[in-house]
Every structure is written in C-alpha cells, then in structure tokens.
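**Student:** My structure is stored as structure.pdb, with PDB, C-alpha atoms.
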```
ATOM      1  CA  MET A   1       0.000   0.000   0.000
ATOM      2  CA  LEU A   2       1.262   3.485  -0.910
ATOM      3  CA  HIS A   3       1.262   5.936   1.988
ATOM      4  CA  VAL A   4       1.160   9.610   0.990
ATOM      5  CA  SER A   5       2.023  12.357   3.475
ATOM      6  CA  ALA A   6       2.736  16.048   3.329
ATOM      7  CA  SER A   7       6.299  17.352   3.397
ATOM      8  CA  PRO A   8       8.713  17.708   5.067
ATOM      9  CA  HIS A   9       9.609  14.034   4.901
ATOM     10  CA  ILE A  10      12.987  14.314   6.678
ATOM     11  CA  ARG A  11      12.868  15.349  10.311
ATOM     12  CA  ASP A  12      15.554  15.657  12.958
ATOM     13  CA  ARG A  13      16.058  17.233  16.339
ATOM     14  CA  ILE A  14      17.870  20.319  15.068
ATOM     15  CA  THR A  15      16.220  23.488  16.351
ATOM     16  CA  THR A  16      17.103  27.157  16.335
ATOM     17  CA  ARG A  17      17.995  26.861  20.005
ATOM     18  CA  SER A  18      20.365  23.936  19.429
ATOM     19  CA  ILE A  19      22.124  25.778  16.595
ATOM     20  CA  MET A  20      22.493  28.972  18.606
ATOM     21  CA  LEU A  21      23.768  27.004  21.594
ATOM     22  CA  GLN A  22      26.535  25.554  19.452
ATOM     23  CA  VAL A  23      27.450  29.044  18.207
ATOM     24  CA  ILE A  24      27.670  30.200  21.825
ATOM     25  CA  ILE A  25      29.952  27.239  22.606
ATOM     26  CA  ALA A  26      32.104  28.185  19.601
ATOM     27  CA  LEU A  27      32.456  31.696  21.003
ATOM     28  CA  ILE A  28      33.675  30.502  24.413
ATOM     29  CA  PRO A  29      37.358  30.280  23.302
ATOM     30  CA  VAL A  30      37.046  33.858  22.022
ATOM     31  CA  ILE A  31      35.613  35.043  25.348
ATOM     32  CA  ILE A  32      38.365  33.269  27.301
ATOM     33  CA  ALA A  33      41.061  34.740  25.045
ATOM     34  CA  SER A  34      39.567  38.215  25.458
ATOM     35  CA  PHE A  35      39.993  37.908  29.230
ATOM     36  CA  PHE A  36      43.699  37.136  28.948
ATOM     37  CA  ILE A  37      44.234  39.911  26.384
ATOM     38  CA  PHE A  38      41.997  42.674  27.744
ATOM     39  CA  GLY A  39      41.175  41.588  31.296
ATOM     40  CA  LEU A  40      37.908  41.941  33.200
ATOM     41  CA  PRO A  41      36.509  44.791  31.059
ATOM     42  CA  ALA A  42      36.136  42.337  28.173
ATOM     43  CA  LEU A  43      34.164  39.861  30.282
ATOM     44  CA  MET A  44      31.959  42.729  31.481
ATOM     45  CA  LEU A  45      31.212  43.747  27.895
ATOM     46  CA  PHE A  46      30.266  40.217  26.872
ATOM     47  CA  ALA A  47      28.028  39.704  29.931
ATOM     48  CA  VAL A  48      26.221  43.043  29.668
ATOM     49  CA  SER A  49      25.819  42.673  25.924
ATOM     50  CA  ALA A  50      24.295  39.187  26.082
ATOM     51  CA  ALA A  51      21.967  40.202  28.927
ATOM     52  CA  SER A  52      20.808  43.451  27.309
ATOM     53  CA  ALA A  53      20.216  41.779  23.939
ATOM     54  CA  ALA A  54      18.090  39.043  25.555
ATOM     55  CA  GLY A  55      16.234  41.644  27.610
ATOM     56  CA  PHE A  56      15.444  43.772  24.573
ATOM     57  CA  GLU A  57      14.162  40.725  22.693
ATOM     58  CA  ALA A  58      11.884  39.663  25.556
ATOM     59  CA  LEU A  59      10.556  43.203  26.012
ATOM     60  CA  ALA A  60      10.033  43.738  22.284
ATOM     61  CA  ARG A  61       8.014  40.529  21.935
ATOM     62  CA  ILE A  62       5.820  41.588  24.874
ATOM     63  CA  VAL A  63       5.233  45.089  23.501
ATOM     64  CA  MET A  64       4.517  43.751  20.013
ATOM     65  CA  LYS A  65       2.230  41.055  21.475
ATOM     66  CA  ARG A  66       4.061  38.254  19.738
ATOM     67  CA  GLU A  67       5.034  34.788  20.877
ATOM     68  CA  GLN A  68       8.101  34.914  23.135
ATOM     69  CA  THR A  69      11.283  33.843  21.310
ATOM     70  CA  VAL A  70      14.021  34.825  23.743
ATOM     71  CA  GLY A  71      14.483  31.129  24.576
ATOM     72  CA  ASP A  72      15.876  30.349  21.113
ATOM     73  CA  LEU A  73      19.145  32.091  22.207
ATOM     74  CA  SER A  74      19.495  34.020  18.940
ATOM     75  CA  ALA A  75      19.451  37.315  20.862
ATOM     76  CA  VAL A  76      22.252  36.079  23.127
ATOM     77  CA  VAL A  77      24.364  35.239  20.054
ATOM     78  CA  THR A  78      23.677  38.688  18.634
ATOM     79  CA  GLY A  79      24.717  40.293  21.914
ATOM     80  CA  LEU A  80      27.969  38.329  22.025
ATOM     81  CA  LEU A  81      28.803  39.317  18.441
ATOM     82  CA  VAL A  82      28.037  42.977  19.092
ATOM     83  CA  ALA A  83      30.398  42.921  22.078
ATOM     84  CA  ALA A  84      33.043  41.055  20.071
ATOM     85  CA  SER A  85      33.213  43.914  17.570
ATOM     86  CA  LEU A  86      33.865  46.646  20.166
ATOM     87  CA  PRO A  87      36.999  47.760  22.043
ATOM     88  CA  ALA A  88      37.495  46.875  25.705
ATOM     89  CA  ASN A  89      37.111  50.494  26.826
ATOM     90  CA  CYS A  90      33.737  50.959  25.110
ATOM     91  CA  PRO A  91      31.225  52.588  27.506
ATOM     92  CA  LEU A  92      28.491  50.183  28.585
ATOM     93  CA  TRP A  93      25.732  52.618  27.595
ATOM     94  CA  VAL A  94      27.049  52.654  24.018
ATOM     95  CA  LEU A  95      27.030  48.851  24.029
ATOM     96  CA  VAL A  96      23.413  48.787  25.237
ATOM     97  CA  ILE A  97      22.355  51.204  22.479
ATOM     98  CA  GLY A  98      24.051  48.917  19.965
ATOM     99  CA  ASN A  99      22.026  45.956  21.187
ATOM    100  CA  PHE A 100      18.820  47.982  20.994
ATOM    101  CA  VAL A 101      19.592  48.732  17.348
ATOM    102  CA  ALA A 102      20.521  45.108  16.624
ATOM    103  CA  VAL A 103      17.643  43.344  18.376
ATOM    104  CA  VAL A 104      14.737  45.803  18.301
ATOM    105  CA  VAL A 105      15.320  47.896  15.170
ATOM    106  CA  VAL A 106      17.044  45.471  12.797
ATOM    107  CA  LYS A 107      15.503  42.193  13.979
ATOM    108  CA  GLN A 108      12.147  42.606  15.739
ATOM    109  CA  MET A 109      10.797  45.560  13.761
ATOM    110  CA  PHE A 110      11.191  43.479  10.619
ATOM    111  CA  GLY A 111       9.298  40.541  12.122
ATOM    112  CA  GLY A 112      11.882  38.686  14.182
ATOM    113  CA  LEU A 113      14.408  35.977  13.412
ATOM    114  CA  GLY A 114      14.156  34.909   9.780
ATOM    115  CA  ASP A 115      12.627  38.162   8.534
ATOM    116  CA  ASN A 116      15.506  40.599   9.058
ATOM    117  CA  PHE A 117      17.238  41.516   5.809
ATOM    118  CA  ALA A 118      20.561  42.538   7.407
ATOM    119  CA  ASN A 119      22.833  40.982   9.995
ATOM    120  CA  PRO A 120      21.849  42.620  13.325
ATOM    121  CA  ALA A 121      25.333  42.620  14.867
ATOM    122  CA  VAL A 122      26.961  43.996  11.718
ATOM    123  CA  THR A 123      24.370  46.753  11.382
ATOM    124  CA  ALA A 124      24.703  47.700  15.054
ATOM    125  CA  ARG A 125      28.490  47.968  14.681
ATOM    126  CA  ILE A 126      28.099  50.316  11.720
ATOM    127  CA  VAL A 127      25.519  52.481  13.503
ATOM    128  CA  LEU A 128      27.774  52.772  16.555
ATOM    129  CA  SER A 129      30.844  53.582  14.457
ATOM    130  CA  VAL A 130      28.975  56.428  12.764
ATOM    131  CA  SER A 131      27.093  57.731  15.811
ATOM    132  CA  PHE A 132      29.664  57.248  18.579
ATOM    133  CA  ALA A 133      32.995  57.330  16.771
ATOM    134  CA  GLY A 134      34.708  59.027  19.689
ATOM    135  CA  GLN A 135      33.622  56.367  22.172
ATOM    136  CA  ILE A 136      34.553  53.289  20.127
ATOM    137  CA  SER A 137      37.505  54.429  18.024
ATOM    138  CA  SER A 138      39.996  54.271  20.904
ATOM    139  CA  TYR A 139      41.473  50.783  21.097
ATOM    140  CA  SER A 140      43.469  49.446  24.013
ATOM    141  CA  ILE A 141      45.130  46.399  25.493
ATOM    142  CA  ALA A 142      45.419  45.292  29.126
ATOM    143  CA  ASP A 143      48.635  46.224  30.866
ATOM    144  CA  LYS A 144      47.955  43.617  33.557
ATOM    145  CA  LEU A 145      46.243  40.210  33.490
ATOM    146  CA  LEU A 146      43.080  41.400  35.231
ATOM    147  CA  GLY A 147      42.823  44.429  33.033
ATOM    148  CA  VAL A 148      43.163  47.008  35.806
ATOM    149  CA  ASP A 149      45.006  49.239  33.394
ATOM    150  CA  LEU A 150      44.041  49.555  29.738
ATOM    151  CA  VAL A 151      46.710  51.158  27.590
ATOM    152  CA  SER A 152      45.576  52.868  24.375
ATOM    153  CA  SER A 153      47.249  51.630  21.224
ATOM    154  CA  ALA A 154      46.697  51.570  17.478
ATOM    155  CA  THR A 155      45.393  48.387  15.861
ATOM    156  CA  PRO A 156      47.601  46.514  13.364
ATOM    157  CA  LEU A 157      45.437  47.681  10.451
ATOM    158  CA  MET A 158      45.783  51.285  11.598
ATOM    159  CA  LEU A 159      49.545  50.843  11.811
ATOM    160  CA  ALA A 160      49.647  49.273   8.349
ATOM    161  CA  LYS A 161      47.541  52.143   6.986
ATOM    162  CA  THR A 162      50.063  54.710   8.216
ATOM    163  CA  GLY A 163      53.092  52.669   7.196
ATOM    164  CA  GLU A 164      54.242  51.919  10.745
ATOM    165  CA  ALA A 165      55.597  48.612  12.026
ATOM    166  CA  VAL A 166      52.924  46.055  12.907
ATOM    167  CA  PRO A 167      53.179  43.352  15.622
ATOM    168  CA  SER A 168      54.873  40.061  14.787
ATOM    169  CA  VAL A 169      52.982  37.225  13.120
ATOM    170  CA  LEU A 170      52.957  35.307  16.418
ATOM    171  CA  ASP A 171      51.479  38.275  18.287
ATOM    172  CA  LEU A 172      48.866  38.720  15.574
ATOM    173  CA  PHE A 173      47.974  35.029  15.695
ATOM    174  CA  LEU A 174      47.677  34.918  19.481
ATOM    175  CA  GLY A 175      45.971  38.303  19.712
ATOM    176  CA  ARG A 176      48.568  40.189  21.725
ATOM    177  CA  HIS A 177      47.716  43.584  20.267
ATOM    178  CA  ALA A 178      45.065  46.282  20.441
ATOM    179  CA  GLY A 179      41.730  45.748  18.731
ATOM    180  CA  SER A 180      38.138  44.752  19.318
ATOM    181  CA  ILE A 181      37.778  42.200  22.105
ATOM    182  CA  GLY A 182      36.488  39.370  19.916
ATOM    183  CA  GLU A 183      38.636  39.927  16.838
ATOM    184  CA  THR A 184      42.240  39.821  17.971
ATOM    185  CA  SER A 185      42.904  36.168  18.850
ATOM    186  CA  VAL A 186      42.962  34.286  15.555
ATOM    187  CA  ILE A 187      43.715  30.974  17.257
ATOM    188  CA  ALA A 188      40.599  31.278  19.430
ATOM    189  CA  LEU A 189      38.457  32.166  16.412
ATOM    190  CA  LEU A 190      39.827  29.192  14.466
ATOM    191  CA  ILE A 191      39.004  26.838  17.339
ATOM    192  CA  GLY A 192      35.425  28.112  17.342
ATOM    193  CA  GLY A 193      35.158  28.021  13.555
ATOM    194  CA  ILE A 194      36.491  24.473  13.285
ATOM    195  CA  PHE A 195      34.017  23.390  15.974
ATOM    196  CA  LEU A 196      31.131  24.787  13.907
ATOM    197  CA  LEU A 197      32.442  23.078  10.770
ATOM    198  CA  ILE A 198      32.803  19.712  12.508
ATOM    199  CA  ARG A 199      29.322  19.991  13.997
ATOM    200  CA  GLY A 200      27.880  20.829  10.587
ATOM    201  CA  VAL A 201      26.453  24.150  11.767
ATOM    202  CA  ILE A 202      28.257  25.944   8.918
ATOM    203  CA  ASP A 203      30.107  24.834   5.800
ATOM    204  CA  ILE A 204      33.419  26.013   4.411
ATOM    205  CA  TRP A 205      32.339  27.693   1.152
ATOM    206  CA  ALA A 206      31.410  31.189   2.305
ATOM    207  CA  PRO A 207      34.326  31.566   4.779
ATOM    208  CA  LEU A 208      36.847  30.199   2.271
ATOM    209  CA  SER A 209      35.722  32.404  -0.616
ATOM    210  CA  PHE A 210      35.505  35.456   1.672
ATOM    211  CA  ILE A 211      38.972  35.059   3.200
ATOM    212  CA  GLY A 212      40.573  33.957  -0.070
ATOM    213  CA  THR A 213      39.181  36.857  -2.101
ATOM    214  CA  THR A 214      40.144  39.441   0.521
ATOM    215  CA  ILE A 215      43.726  38.190   0.769
ATOM    216  CA  LEU A 216      44.092  37.886  -3.019
ATOM    217  CA  PHE A 217      42.828  41.452  -3.517
ATOM    218  CA  VAL A 218      45.131  42.828  -0.807
ATOM    219  CA  THR A 219      48.130  40.985  -2.260
ATOM    220  CA  LEU A 220      47.476  42.196  -5.811
ATOM    221  CA  THR A 221      47.124  45.791  -4.630
ATOM    222  CA  GLY A 222      50.394  45.852  -2.693
ATOM    223  CA  GLY A 223      49.239  45.082   0.849
ATOM    224  CA  ASP A 224      50.716  42.602   3.290
ATOM    225  CA  PRO A 225      48.492  39.495   3.124
ATOM    226  CA  LEU A 226      49.530  38.135   6.546
ATOM    227  CA  THR A 227      48.740  41.396   8.318
ATOM    228  CA  HIS A 228      45.312  41.603   6.703
ATOM    229  CA  LEU A 229      44.606  37.911   7.304
ATOM    230  CA  LEU A 230      45.453  38.019  11.003
ATOM    231  CA  SER A 231      44.092  41.485  11.812
ATOM    232  CA  GLY A 232      40.683  43.082  12.141
ATOM    233  CA  ALA A 233      37.368  41.300  11.847
ATOM    234  CA  LEU A 234      38.193  39.070   8.866
ATOM    235  CA  ILE A 235      38.297  35.717  10.690
ATOM    236  CA  LEU A 236      35.461  36.589  13.097
ATOM    237  CA  ALA A 237      33.229  37.577  10.187
ATOM    238  CA  ALA A 238      34.231  34.565   8.106
ATOM    239  CA  PHE A 239      32.961  32.023  10.633
ATOM    240  CA  PHE A 240      30.247  33.921  12.491
ATOM    241  CA  MET A 241      28.768  36.502  10.083
ATOM    242  CA  VAL A 242      29.052  35.481   6.436
ATOM    243  CA  THR A 243      27.615  32.118   7.499
ATOM    244  CA  ASP A 244      24.443  33.628   8.991
ATOM    245  CA  TYR A 245      21.447  31.512   7.980
ATOM    246  CA  VAL A 246      19.053  34.444   7.564
ATOM    247  CA  THR A 247      20.998  37.192   5.791
ATOM    248  CA  THR A 248      23.256  35.170   3.484
ATOM    249  CA  PRO A 249      22.388  32.835   0.584
ATOM    250  CA  THR A 250      21.551  29.205   1.237
ATOM    251  CA  THR A 251      22.676  27.781  -2.114
ATOM    252  CA  LEU A 252      26.246  26.576  -2.598
ATOM    253  CA  TRP A 253      27.053  28.950  -5.443
ATOM    254  CA  GLY A 254      25.179  31.691  -3.631
ATOM    255  CA  LYS A 255      27.524  31.314  -0.655
ATOM    256  CA  VAL A 256      30.556  31.435  -2.929
ATOM    257  CA  ILE A 257      29.306  34.562  -4.725
ATOM    258  CA  PHE A 258      28.467  36.201  -1.402
ATOM    259  CA  GLY A 259      31.935  35.433  -0.049
ATOM    260  CA  ILE A 260      33.675  36.707  -3.170
ATOM    261  CA  GLY A 261      31.607  39.900  -3.185
ATOM    262  CA  ALA A 262      32.218  40.561   0.510
ATOM    263  CA  GLY A 263      35.916  39.826   0.052
ATOM    264  CA  LEU A 264      36.266  42.254  -2.872
ATOM    265  CA  LEU A 265      34.476  45.000  -0.953
ATOM    266  CA  THR A 266      36.543  44.365   2.178
ATOM    267  CA  GLY A 267      39.792  44.540   0.228
ATOM    268  CA  LEU A 268      38.647  47.656  -1.616
ATOM    269  CA  LEU A 269      37.691  49.462   1.595
ATOM    270  CA  ARG A 270      40.824  48.399   3.442
ATOM    271  CA  MET A 271      43.208  49.417   0.689
ATOM    272  CA  TYR A 272      41.581  52.505  -0.810
ATOM    273  CA  SER A 273      39.236  54.075   1.757
ATOM    274  CA  ALA A 274      40.061  56.229   4.775
ATOM    275  CA  MET A 275      38.926  53.375   7.040
ATOM    276  CA  PRO A 276      41.458  50.736   8.129
ATOM    277  CA  GLU A 277      38.676  48.124   8.357
ATOM    278  CA  GLY A 278      35.879  47.397   5.890
ATOM    279  CA  VAL A 279      34.338  44.066   6.891
ATOM    280  CA  SER A 280      31.082  45.396   8.410
ATOM    281  CA  PHE A 281      30.221  47.636   5.461
ATOM    282  CA  ALA A 282      31.091  44.864   3.008
ATOM    283  CA  ILE A 283      28.793  42.342   4.695
ATOM    284  CA  LEU A 284      25.910  44.816   4.982
ATOM    285  CA  LEU A 285      26.126  45.668   1.280
ATOM    286  CA  MET A 286      26.147  41.978   0.378
ATOM    287  CA  ASN A 287      23.183  41.352   2.731
ATOM    288  CA  ILE A 288      21.189  43.738   0.537
ATOM    289  CA  LEU A 289      22.102  41.655  -2.517
ATOM    290  CA  THR A 290      21.310  38.304  -0.880
ATOM    291  CA  PRO A 291      17.732  37.954  -2.278
ATOM    292  CA  HIS A 292      19.047  38.524  -5.807
ATOM    293  CA  ILE A 293      21.969  36.127  -5.364
ATOM    294  CA  GLU A 294      19.540  33.535  -3.982
ATOM    295  CA  ARG A 295      17.278  33.940  -7.002
ATOM    296  CA  TRP A 296      20.149  33.717  -9.488
ATOM    297  CA  THR A 297      21.612  30.555  -7.952
ATOM    298  CA  THR A 298      18.503  28.572  -6.989
ATOM    299  CA  PRO A 299      18.653  25.245  -8.866
ATOM    300  CA  MET A 300      15.766  24.262 -11.087
ATOM    301  CA  THR A 301      13.204  21.959  -9.525
ATOM    302  CA  ILE A 302      13.491  18.369 -10.778
ATOM    303  CA  GLY A 303      11.082  18.018 -13.659
ATOM    304  CA  GLY A 304      10.761  21.777 -14.025
ATOM    305  CA  VAL A 305      10.793  23.513 -17.374
ATOM    306  CA  LYS A 306      12.570  26.760 -18.178
ATOM    307  CA  HIS A 307      10.273  29.552 -19.261
ATOM    308  CA  ALA A 308      10.680  30.401 -22.902
ATOM    309  CA  LYS A 309      12.154  33.824 -23.631
ATOM    310  CA  LYS A 310       9.716  36.286 -25.114
TER     311      LYS A 310
END
```
What would you get if you wrote out this structure as structure tokens?
**Tutor:**
Amino acid sequence: MLHVSASPHIRDRITTRSIMLQVIIALIPVIIASFFIFGLPALMLFAVSAASAAGFEALARIVMKREQTVGDLSAVVTGLLVAASLPANCPLWVLVIGNFVAVVVVKQMFGGLGDNFANPAVTARIVLSVSFAGQISSYSIADKLLGVDLVSSATPLMLAKTGEAVPSVLDLFLGRHAGSIGETSVIALLIGGIFLLIRGVIDIWAPLSFIGTTILFVTLTGGDPLTHLLSGALILAAFFMVTDYVTTPTTLWGKVIFGIGAGLLTGLLRMYSAMPEGVSFAILLMNILTPHIERWTTPMTIGGVKHAKK
C-alpha cells in the first residue's frame, strides 16, 4: 500500500535553540582569550551585551504582542557578536544602544528571526561607528592580566595604513595587540570556527571564498596578506557573520558569490578608503544583494521547465 504524506519528509532534532547554543559554545574560546588579552573589562562587555540583547528581545516581543522567542538564544548570540566587535574600553551605555539597534530595530521591527534583511550585529556595529565614533575608536590592550590598566594603542590595520611597524605574526595570531575584544585572537576564532564546521552548523564555502578573495585582492594591490589575514574582523566575520542563515544565501554557489563579493568589498575598503577596516560595510552591502543572489543561484526543480524567452 502506498502511503502519501505532506512534506517535510525528513525530520531531525535540530532546532534554532540547538544551533544557537553551538554558536555560543564556539564563542567561548574567544571570550576566554579576550579575558587574557583585555582583562575583566572584556568579560563585562560580553556579559552586559548578552543580557541586554536578551532583555530587549523579551521586552520587544511583549510590547509587540508576539510569541516569546528569547528562549531560542538568537538574541544572546547577537549580543555576544556585538560585544566582540567593540573595544574593551567601550562605555556600557554605548554597548546597550548597539544591542537595541541590533535586536529591536534590525531584527524585531522586521518581524523577528528569519525576517531581518541585514545581519543585526553587523548593522549595530556600523551604527555605533557612525554615531559614537569618539567612544569606540579608541582601542586598548590590558597592561595587567586582570585588566586594571588599559593602555591605548593603534590596531595593526591602523599601523599598516600609516606605514608603521605592525606586531609580529605570532602576536597577531595569538591576539597580543590592540583591537576589538572578539577579533584579535585568531587561534581562538579558528578553534570556534572548526568546531562549527565539525558539527555541521556551517560549511566552508562562504568563509573560504571570503577570506581567499580578501587576501588575493590585498596581495594584488600591494598590501601585506599576513597582516590583513590576522588582523581586524576578517576571521570573526568569516565564521560567524558570512555564514548567517538568515541574511546570506543558502545555495552553494550563492555562498561562494556572497563570499567573493564581501571579500572584494573588504579589500577595496581596506586598501583605498580612509577606514582601516571594511568588513562590516562589506557584509551589509552583500546582505542587501542576498535575495538577488539567492534567485540567481537557486537550482531548477526536478522536472521543471525553463520559461521560454519572449
């Protein structure tokens, strides 16, 4: 006897909460590294950011009279990523405003998770950089383990922009330099990224095309590929932002095109704009193109027929 049932026909236990929990686990090495590099201020930023993002989501759902979704942990992930993109001496009130923009304006006002057209954390970082440049443009590094003293210093990309000497490759890899609290330690980011790849939460295509295109562009235009590979938000964005399920393409070729486009824009902004970093603007611009990329790369349904050209 033939049994007919409605799709979906393949079911598993994967939920939004389980995916977000694995992303949080992947960010733990980054949080630990931030403590050793920047001290207690970094841990404070991560804690306040995650709490304020979750609080804004819960409050927004109540005000909008929608089903509560704070339990899916997506707001917590957003909060951690917002904090990761800010310097250790960022005022907490600026951080809270960033989470309001990310969770309420970018995410909930567009309908919630799955309906936002742009990456909330990326958009919040751009809004803060434009609105509060004075508060978040001063980067520092801890002078002592517990971060009692934060000493202001230029980031490696800033140094490269002005032609000054940058930290050694080892220091860049370990994160022993000034920068945003979640971007400096490449080794911690790689541990988290590899964990997500092994768990199948993300695949390699978007990160590989994004990193590869950026480094190729920088090399061809006279920049130092190692400095640009190990500095700024390139690795953080590769594993935690260009792999976002909602704001990036879902097709294989769509992911590759998205990564290449974001890489070209990042290289262009880093090498030829007044800004030392260009990752956030590159991703936001590609987020806008995601629906078109998705449409161009969606495979034809089996048995489907191409429409004849008029």
**Student:** For this file, the PyMOL selection byres ((chain A and resi 118) around 10) selects which residues, as a PyMOL selection string?
**Tutor:** chain A and resi 102+106-107+110+115-117+119-123+244+246-248+283-288+290
**Student:** For Ile24 (chain A), which of A:Gly134, A:Gly192, A:Pro299, A:Gly111 is the closest residue, counting all atoms listed in the file?
**Tutor:** A:Gly192
**Student:** Using all atoms listed in the file, which of A:Ile204, A:Ala154, A:Ile187, A:Val127 sits nearest Ser140 (chain A)?
**Tutor:**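 Distance minimum relative to Ser140 (chain A) lands on A:Ala154.
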**Student:** Edge lengths and centre, in Å to one decimal, as lines of an AutoDock Vina configuration file: that's what I need for the box along x, y and z that holds all listed atoms of region 220-228 of chain A plus 3 Å on each side.
**Tutor:**
```
center_x = 48.0
center_y = 42.0
center_z = 1.3
size_x = 11.4
size_y = 13.7
size_z = 20.1
```
**Student:** Considering all atoms listed in the file, state which residue in the set A:Leu86, A:Met271, A:Ala262, A:Leu189 is at the smallest distance from Thr162 (chain A).
**Tutor:**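 Looking at the shortest contact to Thr162 (chain A), the residue is A:Met271.
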**Student:** Mind pulling up the distance from CA of Trp205 (chain A) to CA of Leu252 (chain A)?
**Tutor:**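 Separating CA of Leu252 (chain A) from CA of Trp205 (chain A) is a distance of 7.2 Å.
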**Student:** Place N, CA and C atoms on region 227-241 of chain A and deliver the coordinates as a tab-separated table (two decimals), in the frame of the given file.
**Tutor:**
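Contents of rebuild28.tsv, freshly written:
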```
chain	number	residue	atom	x	y	z
A	227	THR	N	49.29	40.39	7.42
A	227	THR	CA	48.74	41.40	8.32
A	227	THR	C	47.23	41.49	8.16
A	228	HIS	N	46.76	41.48	6.94
A	228	HIS	CA	45.31	41.60	6.70
A	228	HIS	C	44.56	40.32	7.05
A	229	LEU	N	45.24	39.18	6.93
A	229	LEU	CA	44.61	37.91	7.30
A	229	LEU	C	44.43	37.80	8.81
A	230	LEU	N	45.43	38.23	9.56
A	230	LEU	CA	45.45	38.02	11.00
A	230	LEU	C	44.98	39.24	11.79
A	231	SER	N	44.51	40.27	11.12
A	231	SER	CA	44.09	41.48	11.81
A	231	SER	C	42.65	41.82	11.50
A	232	GLY	N	42.04	42.61	12.38
A	232	GLY	CA	40.68	43.08	12.14
A	232	GLY	C	39.65	41.98	12.29
A	233	ALA	N	38.52	42.19	11.66
A	233	ALA	CA	37.37	41.30	11.85
A	233	ALA	C	37.26	40.21	10.79
A	234	LEU	N	38.29	40.00	9.99
A	234	LEU	CA	38.19	39.07	8.87
A	234	LEU	C	37.83	37.65	9.30
A	235	ILE	N	38.54	37.10	10.27
A	235	ILE	CA	38.30	35.72	10.69
A	235	ILE	C	37.00	35.62	11.48
A	236	LEU	N	36.73	36.58	12.35
A	236	LEU	CA	35.46	36.59	13.10
A	236	LEU	C	34.28	36.60	12.14
A	237	ALA	N	34.33	37.48	11.14
A	237	ALA	CA	33.23	37.58	10.19
A	237	ALA	C	33.11	36.33	9.33
A	238	ALA	N	34.25	35.73	8.99
A	238	ALA	CA	34.23	34.56	8.11
A	238	ALA	C	33.44	33.40	8.71
A	239	PHE	N	33.61	33.18	10.01
A	239	PHE	CA	32.96	32.02	10.63
A	239	PHE	C	31.64	32.34	11.32
A	240	PHE	N	31.43	33.61	11.69
A	240	PHE	CA	30.25	33.92	12.49
A	240	PHE	C	29.28	34.91	11.84
A	241	MET	N	29.64	35.50	10.69
A	241	MET	CA	28.77	36.50	10.08
A	241	MET	C	28.41	36.20	8.63
```
